[in-house]
file target06.pdb (PDB, C-alpha atoms and all ligand atoms)
ATOM      1  CA  MET B 188      27.056 -42.779  -7.646
ATOM      2  CA  GLY B 189      27.732 -39.096  -8.188
ATOM      3  CA  THR B 190      27.459 -36.542  -5.503
ATOM      4  CA  GLN B 191      23.862 -35.951  -4.588
ATOM      5  CA  ARG B 192      22.853 -32.314  -4.731
ATOM      6  CA  LYS B 193      21.321 -30.887  -1.633
ATOM      7  CA  LYS B 194      17.646 -30.154  -1.664
ATOM      8  CA  ALA B 195      15.791 -26.891  -1.297
ATOM      9  CA  VAL B 196      12.109 -26.067  -1.426
ATOM     10  CA  VAL B 197      11.044 -22.920  -3.274
ATOM     11  CA  LEU B 198       7.734 -21.133  -2.933
ATOM     12  CA  LEU B 199       6.679 -20.362  -6.483
ATOM     13  CA  SER B 200       3.570 -18.295  -7.063
ATOM     14  CA  GLY B 201       4.258 -17.856 -10.748
ATOM     15  CA  GLY B 202       5.077 -14.141 -10.469
ATOM     16  CA  MET B 203       8.340 -12.505 -11.560
ATOM     17  CA  ASP B 204      10.043 -12.434  -8.167
ATOM     18  CA  SER B 205       9.304 -16.028  -7.283
ATOM     19  CA  CYS B 206      10.382 -17.072 -10.787
ATOM     20  CA  VAL B 207      13.816 -15.486 -10.310
ATOM     21  CA  CYS B 208      13.975 -16.997  -6.846
ATOM     22  CA  ALA B 209      13.186 -20.433  -8.303
ATOM     23  CA  ALA B 210      15.883 -19.976 -10.948
ATOM     24  CA  LEU B 211      18.387 -19.270  -8.159
ATOM     25  CA  ALA B 212      17.230 -22.279  -6.144
ATOM     26  CA  ALA B 213      17.414 -24.525  -9.218
ATOM     27  CA  ARG B 214      20.934 -23.283  -9.971
ATOM     28  CA  ASP B 215      22.261 -24.066  -6.509
ATOM     29  CA  TYR B 216      20.116 -26.959  -5.303
ATOM     30  CA  ASP B 217      18.031 -29.911  -6.278
ATOM     31  CA  ALA B 218      14.934 -27.729  -6.139
ATOM     32  CA  ALA B 219      11.400 -28.751  -5.287
ATOM     33  CA  ALA B 220       8.653 -26.213  -5.915
ATOM     34  CA  VAL B 221       5.448 -25.598  -3.996
ATOM     35  CA  HIS B 222       2.476 -23.586  -5.183
ATOM     36  CA  ILE B 223      -0.405 -22.550  -2.980
ATOM     37  CA  SER B 224      -3.798 -21.558  -4.318
ATOM     38  CA  TYR B 225      -5.829 -19.617  -1.801
ATOM     39  CA  GLY B 226      -8.904 -18.483  -3.661
ATOM     40  CA  GLN B 227      -7.153 -15.463  -5.135
ATOM     41  CA  ARG B 228      -8.730 -13.866  -8.211
ATOM     42  CA  THR B 229      -6.076 -15.087 -10.635
ATOM     43  CA  GLU B 230      -5.457 -18.511  -9.150
ATOM     44  CA  GLU B 231      -5.949 -20.479 -12.369
ATOM     45  CA  ARG B 232      -3.541 -18.297 -14.310
ATOM     46  CA  GLU B 233      -0.981 -18.444 -11.516
ATOM     47  CA  ARG B 234      -1.197 -22.221 -11.337
ATOM     48  CA  GLU B 235      -0.618 -22.384 -15.082
ATOM     49  CA  SER B 236       2.443 -20.158 -14.693
ATOM     50  CA  PHE B 237       3.744 -22.290 -11.852
ATOM     51  CA  LEU B 238       3.623 -25.447 -13.961
ATOM     52  CA  ALA B 239       5.165 -23.779 -16.998
ATOM     53  CA  VAL B 240       7.995 -22.211 -14.973
ATOM     54  CA  CYS B 241       8.736 -25.547 -13.280
ATOM     55  CA  GLN B 242       8.907 -27.212 -16.660
ATOM     56  CA  ARG B 243      11.276 -24.586 -18.085
ATOM     57  CA  LEU B 244      13.531 -24.725 -15.017
ATOM     58  CA  ASN B 245      13.492 -28.529 -14.948
ATOM     59  CA  ILE B 246      11.945 -28.656 -11.514
ATOM     60  CA  HIS B 247      10.235 -32.018 -11.392
ATOM     61  CA  ASP B 248       9.406 -32.262  -7.721
ATOM     62  CA  ARG B 249       6.212 -30.182  -7.408
ATOM     63  CA  LEU B 250       3.558 -29.732  -4.783
ATOM     64  CA  LEU B 251       0.260 -28.016  -5.508
ATOM     65  CA  VAL B 252      -1.864 -27.330  -2.474
ATOM     66  CA  ARG B 253      -4.925 -25.321  -1.590
ATOM     67  CA  ASN B 254      -5.366 -23.130   1.443
ATOM     68  CA  GLU B 255      -9.065 -22.742   2.197
ATOM     69  CA  ALA B 256      -8.598 -20.543   5.240
ATOM     70  CA  LEU B 257      -7.479 -17.330   3.546
ATOM     71  CA  ARG B 258     -10.482 -17.163   1.201
ATOM     72  CA  ALA B 259     -12.885 -18.030   4.016
ATOM     73  CA  ILE B 260     -11.384 -15.304   6.174
ATOM     74  CA  GLY B 261     -11.287 -12.718   3.367
ATOM     75  CA  GLY B 262     -10.345  -9.178   4.289
ATOM     76  CA  SER B 263      -8.275  -8.649   1.138
ATOM     77  CA  ALA B 264      -9.034  -7.423  -2.377
ATOM     78  CA  LEU B 265      -7.359 -10.569  -3.691
ATOM     79  CA  THR B 266      -9.641 -12.998  -1.888
ATOM     80  CA  ASP B 267     -12.853 -11.063  -1.329
ATOM     81  CA  ALA B 268     -15.033 -10.294  -4.369
ATOM     82  CA  GLY B 269     -16.591  -7.448  -2.378
ATOM     83  CA  ILE B 270     -13.321  -5.510  -2.199
ATOM     84  CA  ALA B 271     -12.162  -4.130  -5.551
ATOM     85  CA  VAL B 272      -8.532  -4.307  -6.645
ATOM     86  CA  PRO B 273      -7.601  -0.632  -6.743
ATOM     87  CA  GLU B 274      -5.664   1.115  -9.452
ATOM     88  CA  SER B 275      -2.155   1.552  -8.238
ATOM     89  CA  GLN B 276      -1.161   4.508  -6.154
ATOM     90  CA  LEU B 277       2.475   3.690  -5.747
ATOM     91  CA  ALA B 278       3.048   6.784  -3.710
ATOM     92  CA  GLY B 279       0.224   5.832  -1.342
ATOM     93  CA  GLN B 280       0.697   5.322   2.323
ATOM     94  CA  GLY B 281      -0.194   2.453   4.565
ATOM     95  CA  ILE B 282      -0.772  -1.186   3.786
ATOM     96  CA  PRO B 283      -2.968  -1.547   0.685
ATOM     97  CA  VAL B 284      -6.178  -3.615   0.514
ATOM     98  CA  THR B 285      -4.349  -6.187  -1.610
ATOM     99  CA  TYR B 286      -2.524  -7.313   1.520
ATOM    100  CA  VAL B 287      -3.743 -10.820   2.405
ATOM    101  CA  PRO B 288      -3.722 -11.023   6.207
ATOM    102  CA  PHE B 289      -0.697 -13.007   7.417
ATOM    103  CA  ARG B 290      -0.589 -14.933   4.153
ATOM    104  CA  ASN B 291       3.122 -15.590   3.933
ATOM    105  CA  ALA B 292       3.088 -17.343   7.309
ATOM    106  CA  HIS B 293       0.659 -19.899   5.891
ATOM    107  CA  PHE B 294       2.855 -20.319   2.816
ATOM    108  CA  ILE B 295       6.114 -20.642   4.696
ATOM    109  CA  ALA B 296       4.562 -23.125   7.118
ATOM    110  CA  VAL B 297       3.586 -25.379   4.200
ATOM    111  CA  ALA B 298       7.029 -25.078   2.621
ATOM    112  CA  VAL B 299       8.831 -25.812   5.891
ATOM    113  CA  SER B 300       6.648 -28.858   6.546
ATOM    114  CA  TRP B 301       7.483 -30.174   3.097
ATOM    115  CA  ALA B 302      11.176 -29.337   3.491
ATOM    116  CA  GLU B 303      11.239 -31.350   6.691
ATOM    117  CA  VAL B 304       9.748 -34.384   4.943
ATOM    118  CA  LEU B 305      12.049 -34.077   1.917
ATOM    119  CA  GLY B 306      15.149 -33.503   4.019
ATOM    120  CA  ALA B 307      15.654 -30.109   2.356
ATOM    121  CA  GLU B 308      17.882 -27.586   4.115
ATOM    122  CA  LYS B 309      16.525 -24.365   2.644
ATOM    123  CA  VAL B 310      13.194 -22.797   1.874
ATOM    124  CA  TYR B 311      13.427 -20.056  -0.765
ATOM    125  CA  ILE B 312      10.872 -17.277  -0.872
ATOM    126  CA  GLY B 313      10.964 -14.314  -3.256
ATOM    127  CA  ALA B 314       9.894 -11.649  -0.767
ATOM    128  CA  VAL B 315      10.999  -8.143  -1.736
ATOM    129  CA  GLU B 316      11.072  -5.092   0.489
ATOM    130  CA  PRO B 317      12.077  -2.088  -1.677
ATOM    131  CA  ASP B 318       9.725  -1.284  -4.590
ATOM    132  CA  SER B 319       7.003  -3.310  -2.944
ATOM    133  CA  SER B 320       3.556  -2.544  -1.666
ATOM    134  CA  GLY B 321       4.699  -2.319   1.948
ATOM    135  CA  TYR B 322       3.340  -5.643   3.123
ATOM    136  CA  PRO B 323       4.546  -6.404   6.663
ATOM    137  CA  ASP B 324       5.326 -10.036   5.823
ATOM    138  CA  CYS B 325       8.010  -8.904   3.372
ATOM    139  CA  ARG B 326      10.247  -7.316   6.009
ATOM    140  CA  PRO B 327      13.653  -8.846   6.825
ATOM    141  CA  ALA B 328      12.886  -8.808  10.568
ATOM    142  CA  TYR B 329       9.865 -10.987   9.936
ATOM    143  CA  TYR B 330      12.017 -13.656   8.271
ATOM    144  CA  LYS B 331      14.596 -13.489  11.018
ATOM    145  CA  ALA B 332      11.882 -14.128  13.581
ATOM    146  CA  PHE B 333      10.275 -16.821  11.456
ATOM    147  CA  ASN B 334      13.572 -18.667  11.257
ATOM    148  CA  GLU B 335      13.608 -18.811  15.017
ATOM    149  CA  VAL B 336      10.157 -20.401  14.930
ATOM    150  CA  VAL B 337      11.380 -22.921  12.346
ATOM    151  CA  ARG B 338      14.476 -23.718  14.405
ATOM    152  CA  LEU B 339      12.390 -24.401  17.507
ATOM    153  CA  GLY B 340       9.479 -26.078  15.766
ATOM    154  CA  THR B 341      11.142 -28.697  13.556
ATOM    155  CA  LYS B 342      12.763 -32.034  14.451
ATOM    156  CA  GLU B 343      16.345 -31.133  13.678
ATOM    157  CA  GLY B 344      15.973 -27.377  13.640
ATOM    158  CA  ARG B 345      18.222 -26.981  10.629
ATOM    159  CA  ILE B 346      15.904 -25.679   7.910
ATOM    160  CA  LYS B 347      16.505 -22.057   6.969
ATOM    161  CA  VAL B 348      14.070 -19.787   5.200
ATOM    162  CA  VAL B 349      16.083 -17.660   2.774
ATOM    163  CA  THR B 350      15.069 -14.461   0.998
ATOM    164  CA  PRO B 351      17.738 -13.801  -1.652
ATOM    165  CA  LEU B 352      15.796 -10.950  -3.282
ATOM    166  CA  ILE B 353      14.624  -9.126  -0.184
ATOM    167  CA  ALA B 354      16.929  -6.119  -0.474
ATOM    168  CA  MET B 355      16.914  -5.841  -4.265
ATOM    169  CA  ARG B 356      15.192  -3.198  -6.367
ATOM    170  CA  LYS B 357      12.731  -4.629  -8.869
ATOM    171  CA  ALA B 358      14.899  -3.590 -11.823
ATOM    172  CA  GLU B 359      17.826  -5.501 -10.315
ATOM    173  CA  ILE B 360      15.583  -8.535 -10.030
ATOM    174  CA  VAL B 361      14.772  -8.259 -13.737
ATOM    175  CA  ARG B 362      18.481  -8.065 -14.571
ATOM    176  CA  LEU B 363      19.306 -11.024 -12.346
ATOM    177  CA  GLY B 364      16.473 -12.972 -13.957
ATOM    178  CA  LEU B 365      17.864 -12.265 -17.415
ATOM    179  CA  GLU B 366      21.298 -13.471 -16.303
ATOM    180  CA  LEU B 367      19.787 -16.666 -14.963
ATOM    181  CA  ASN B 368      17.534 -17.168 -17.987
ATOM    182  CA  ALA B 369      14.507 -17.012 -15.741
ATOM    183  CA  PRO B 370      11.415 -17.554 -17.917
ATOM    184  CA  PHE B 371       9.699 -14.177 -17.460
ATOM    185  CA  ASP B 372       7.530 -14.938 -20.495
ATOM    186  CA  LEU B 373       5.773 -17.641 -18.486
ATOM    187  CA  THR B 374       5.139 -15.599 -15.344
ATOM    188  CA  TRP B 375       2.001 -13.818 -14.191
ATOM    189  CA  SER B 376       1.849 -10.924 -11.735
ATOM    190  CA  CYS B 377      -1.479  -9.181 -12.306
ATOM    191  CA  TYR B 378      -3.783  -9.123  -9.289
ATOM    192  CA  SER B 379      -7.018  -8.866 -11.205
ATOM    193  CA  CYS B 380      -6.957 -10.358 -14.725
ATOM    194  CA  GLU B 381      -6.047 -13.715 -16.221
ATOM    195  CA  ASP B 382      -5.973 -13.143 -20.001
ATOM    196  CA  TYR B 383      -4.222  -9.793 -20.378
ATOM    197  CA  ALA B 384      -2.450  -8.205 -17.424
ATOM    198  CA  CYS B 385      -4.413  -5.081 -16.443
ATOM    199  CA  GLY B 386      -1.344  -2.837 -16.314
ATOM    200  CA  VAL B 387      -2.840  -0.634 -13.623
ATOM    201  CA  CYS B 388      -2.907  -2.652 -10.385
ATOM    202  CA  ASP B 389      -0.006  -2.269  -7.934
ATOM    203  CA  SER B 390       1.581  -5.499  -9.043
ATOM    204  CA  CYS B 391       1.410  -4.646 -12.771
ATOM    205  CA  ARG B 392       2.705  -1.116 -12.173
ATOM    206  CA  LEU B 393       5.680  -2.318 -10.136
ATOM    207  CA  ARG B 394       6.445  -4.931 -12.740
ATOM    208  CA  LEU B 395       6.186  -2.577 -15.727
ATOM    209  CA  ARG B 396       8.311  -0.008 -13.950
ATOM    210  CA  ALA B 397      10.952  -2.644 -13.186
ATOM    211  CA  PHE B 398      11.233  -3.793 -16.786
ATOM    212  CA  ALA B 399      11.322  -0.196 -18.003
ATOM    213  CA  ALA B 400      14.102   0.629 -15.530
ATOM    214  CA  ALA B 401      16.042  -2.446 -16.646
ATOM    215  CA  GLY B 402      15.628  -1.301 -20.248
ATOM    216  CA  VAL B 403      13.867  -4.435 -21.505
ATOM    217  CA  LYS B 404      10.377  -5.193 -22.693
ATOM    218  CA  ASP B 405       8.131  -7.194 -20.435
ATOM    219  CA  PRO B 406       7.237 -10.257 -22.518
ATOM    220  CA  ILE B 407       3.740 -10.886 -21.090
ATOM    221  CA  PRO B 408       0.579  -9.481 -22.712
ATOM    222  CA  TYR B 409      -1.002  -6.326 -21.295
ATOM    223  CA  ALA B 410      -4.445  -4.892 -21.907
ATOM    224  CA  GLU B 411      -4.118  -2.402 -24.738
ATOM    225  CA  ALA B 412      -5.349   0.538 -22.728
ATOM    226  CA  ALA B 413      -2.563  -0.064 -20.250
ATOM    227  CA  VAL B 414       0.282  -0.010 -22.730
ATOM    228  CA  ARG B 415       2.377   3.038 -22.205
ATOM    229  CA  SER B 416       5.567   4.053 -23.858
TER     230      SER B 416
HETATM  231 ZN    ZN B 501      -2.770  -5.918 -12.993
END

call {"tool": "encode", "arguments": {"input": "target06.pdb", "output": "structure tokens", "more": "lines below"}}
Ligand SMILES: [Zn+2]
result
Amino acid sequence: MGTQRKKAVVLLSGGMDSCVCAALAARDYDAAAVHISYGQRTEERERESFLAVCQRLNIHDRLLVRNEALRAIGGSALTDAGIAVPESQLAGQGIPVTYVPFRNAHFIAVAVSWAEVLGAEKVYIGAVEPDSSGYPDCRPAYYKAFNEVVRLGTKEGRIKVVTPLIAMRKAEIVRLGLELNAPFDLTWSCYSCEDYACGVCDSCRLRLRAFAAAGVKDPIPYAEAAVRS
């Protein structure tokens, strides 16, 4: 018997950051990937991306779950049809309406529960603080505090939530992804559309800007009106 690789769980939405995060987890661990649908506008497209990215990264241990609470609660442009996804105002202040109230806590809780059952020692999440929309659940202090909750709330208290991308600029994440052969072509980041990325929501703008800054073309399809040189 060869040496058994240690296990890690990675939260994989299907977006560019979580894809790079999954590539890192798969490089260093026997990775298991979890995807959570929560009634977001692009959930079908994201699920498709999740499965395709897992396949490309040879992640066979997969968990697809549904969180009904976030949609029922609403209060976000991503989960409430009555709140439009705004065109990006990257210079804007405050927390945008695309923030899903306390969403990452739900996600991390699922991943930690699964990690405990699998005997995994790490939970990877692709949270990013710079070049982000300013969501409070992407701050390093939040993860530090959450790890204390995990330590006190699990049987052995040894699972760590790790955020390898948290301090990186988006362009650096693109470069790291290219180094790792992360399958950007299979990812989806748009908040509002499932066939062509809109190119104008916060998520599309941040993504396009990151690829432009890294000097490479984003391989996913964008709505024609959104294509800029
Ligand atoms: Zn978009």

call {"tool": "residues_around", "arguments": {"input": "target06.pdb", "residues": "Ala302 (chain B)", "least_positions_apart": "3", "cutoff": "9 Å", "atoms": "only C-alpha atoms", "output": "list in words"}}
result
Lys194, Ala195, Val196, Ala219, Val297, Ala298, Val299, Leu305, Gly306, Ala307, Glu308, Lys309, Val310 and Ile346 of chain B

call {"tool": "residues_around", "arguments": {"input": "target06.pdb", "residues": "Ser236 (chain B)", "least_positions_apart": "3", "cutoff": "10 Å", "atoms": "all atoms listed in the file", "output": "list in words"}}
result
Leu199, Ser200, Gly201, Gly202, Cys206, Glu230, Glu231, Arg232, Glu233, Ala239, Val240, Cys241, Gln242, Pro370, Phe371, Asp372, Leu373, Thr374, Trp375 and Ser376 of chain B

call {"tool": "write_last_selection", "arguments": {"input": "target06.pdb", "atoms": "C-alpha atoms", "output": "CSV table (one decimal), in the frame of the given file"}}
result
chain,number,residue,atom,x,y,z
B,199,LEU,CA,6.7,-20.4,-6.5
B,200,SER,CA,3.6,-18.3,-7.1
B,201,GLY,CA,4.3,-17.9,-10.7
B,202,GLY,CA,5.1,-14.1,-10.5
B,206,CYS,CA,10.4,-17.1,-10.8
B,230,GLU,CA,-5.5,-18.5,-9.2
B,231,GLU,CA,-5.9,-20.5,-12.4
B,232,ARG,CA,-3.5,-18.3,-14.3
B,233,GLU,CA,-1.0,-18.4,-11.5
B,239,ALA,CA,5.2,-23.8,-17.0
B,240,VAL,CA,8.0,-22.2,-15.0
B,241,CYS,CA,8.7,-25.5,-13.3
B,242,GLN,CA,8.9,-27.2,-16.7
B,370,PRO,CA,11.4,-17.6,-17.9
B,371,PHE,CA,9.7,-14.2,-17.5
B,372,ASP,CA,7.5,-14.9,-20.5
B,373,LEU,CA,5.8,-17.6,-18.5
B,374,THR,CA,5.1,-15.6,-15.3
B,375,TRP,CA,2.0,-13.8,-14.2
B,376,SER,CA,1.8,-10.9,-11.7

call {"tool": "residues_around", "arguments": {"input": "target06.pdb", "residues": "region 286-289 of chain B", "least_positions_apart": "4", "cutoff": "7 Å", "atoms": "only C-alpha atoms", "output": "PyMOL selection string"}}
result
chain B and resi 263+282+322+324

call {"tool": "resolve_selection", "arguments": {"input": "target06.pdb", "expression": "the PyMOL selection byres (((not hetatm)) within 12 of (chain B and resi 501))", "output": "PyMOL selection string"}}
result
chain B and resi 202+228-229+265+272-275+285+375-395+407-410+412-414

call {"tool": "residues_around", "arguments": {"input": "target06.pdb", "residues": "Ala400 (chain B)", "least_positions_apart": "4", "cutoff": "9 Å", "atoms": "all atoms listed in the file", "output": "PyMOL selection string"}}
result
chain B and resi 357-359+395-396

call {"tool": "write_last_selection", "arguments": {"input": "target06.pdb", "atoms": "C-alpha atoms", "output": "compact mmCIF listing (two decimals), in the coordinates of the input"}}
result
# COMPACT_ATOMS: atom_id res chain seq x y z
CA LYS B 357 12.73 -4.63 -8.87
CA ALA B 358 14.90 -3.59 -11.82
CA GLU B 359 17.83 -5.50 -10.32
CA LEU B 395 6.19 -2.58 -15.73
CA ARG B 396 8.31 -0.01 -13.95

call {"tool": "atom_distance", "arguments": {"input": "target06.pdb", "atom1": "CA of Lys347 (chain B)", "atom2": "CA of Tyr311 (chain B)"}}
result
8.6 Å

call {"tool": "resolve_selection", "arguments": {"input": "target06.pdb", "expression": "the PyMOL selection byres (((chain B and resi 294) around 10) and not hetatm)", "output": "count of residues only"}}
result
19

call {"tool": "atom_distance", "arguments": {"input": "target06.pdb", "atom1": "CA of Pro327 (chain B)", "atom2": "CA of Lys193 (chain B)"}}
result
24.8 Å

call {"tool": "axis_aligned_box", "arguments": {"input": "target06.pdb", "around": "region 210-219 of chain B", "padding_each_side": "3 Å", "output": "AutoDock Vina command-line options"}}
result
--center_x 16.8 --center_y -24.6 --center_z -8.1 --size_x 16.9 --size_y 16.6 --size_z 11.7

call {"tool": "atom_distance", "arguments": {"input": "target06.pdb", "atom1": "CA of Val349 (chain B)", "atom2": "CA of Leu365 (chain B)"}}
result
21.0 Å

call {"tool": "closest_residue", "arguments": {"input": "target06.pdb", "among": "B:Arg362, B:Glu235, B:Val197, B:Met203", "to": "Arg249 (chain B)", "atoms": "only C-alpha atoms"}}
result
B:Val197

call {"tool": "closest_residue", "arguments": {"input": "target06.pdb", "among": "B:Thr341, B:Gln191, B:Asn368, B:Ser320", "to": "Val304 (chain B)", "atoms": "all atoms listed in the file"}}
result
B:Thr341

call {"tool": "closest_residue", "arguments": {"input": "target06.pdb", "among": "B:Ala218, B:Ser319, B:Ala401, B:Trp301", "to": "His247 (chain B)", "atoms": "all atoms listed in the file"}}
result
B:Ala218

call {"tool": "closest_residue", "arguments": {"input": "target06.pdb", "among": "B:Ala314, B:Gly321, B:Asp405, B:Ser300", "to": "Lys342 (chain B)", "atoms": "only C-alpha atoms"}}
result
B:Ser300

call {"tool": "closest_residue", "arguments": {"input": "target06.pdb", "among": "B:Arg356, B:Ile260, B:Gly226, B:Asp215", "to": "Asp318 (chain B)", "atoms": "only C-alpha atoms"}}
result
B:Arg356

call {"tool": "residues_around", "arguments": {"input": "target06.pdb", "residues": "Ala354 (chain B)", "least_positions_apart": "4", "cutoff": "7 Å", "atoms": "all atoms listed in the file", "output": "PyMOL selection string"}}
result
chain B and resi 315-317

call {"tool": "closest_residue", "arguments": {"input": "target06.pdb", "among": "B:Ile360, B:Ala259, B:Val337, B:Leu238", "to": "Glu303 (chain B)", "atoms": "all atoms listed in the file"}}
result
B:Val337
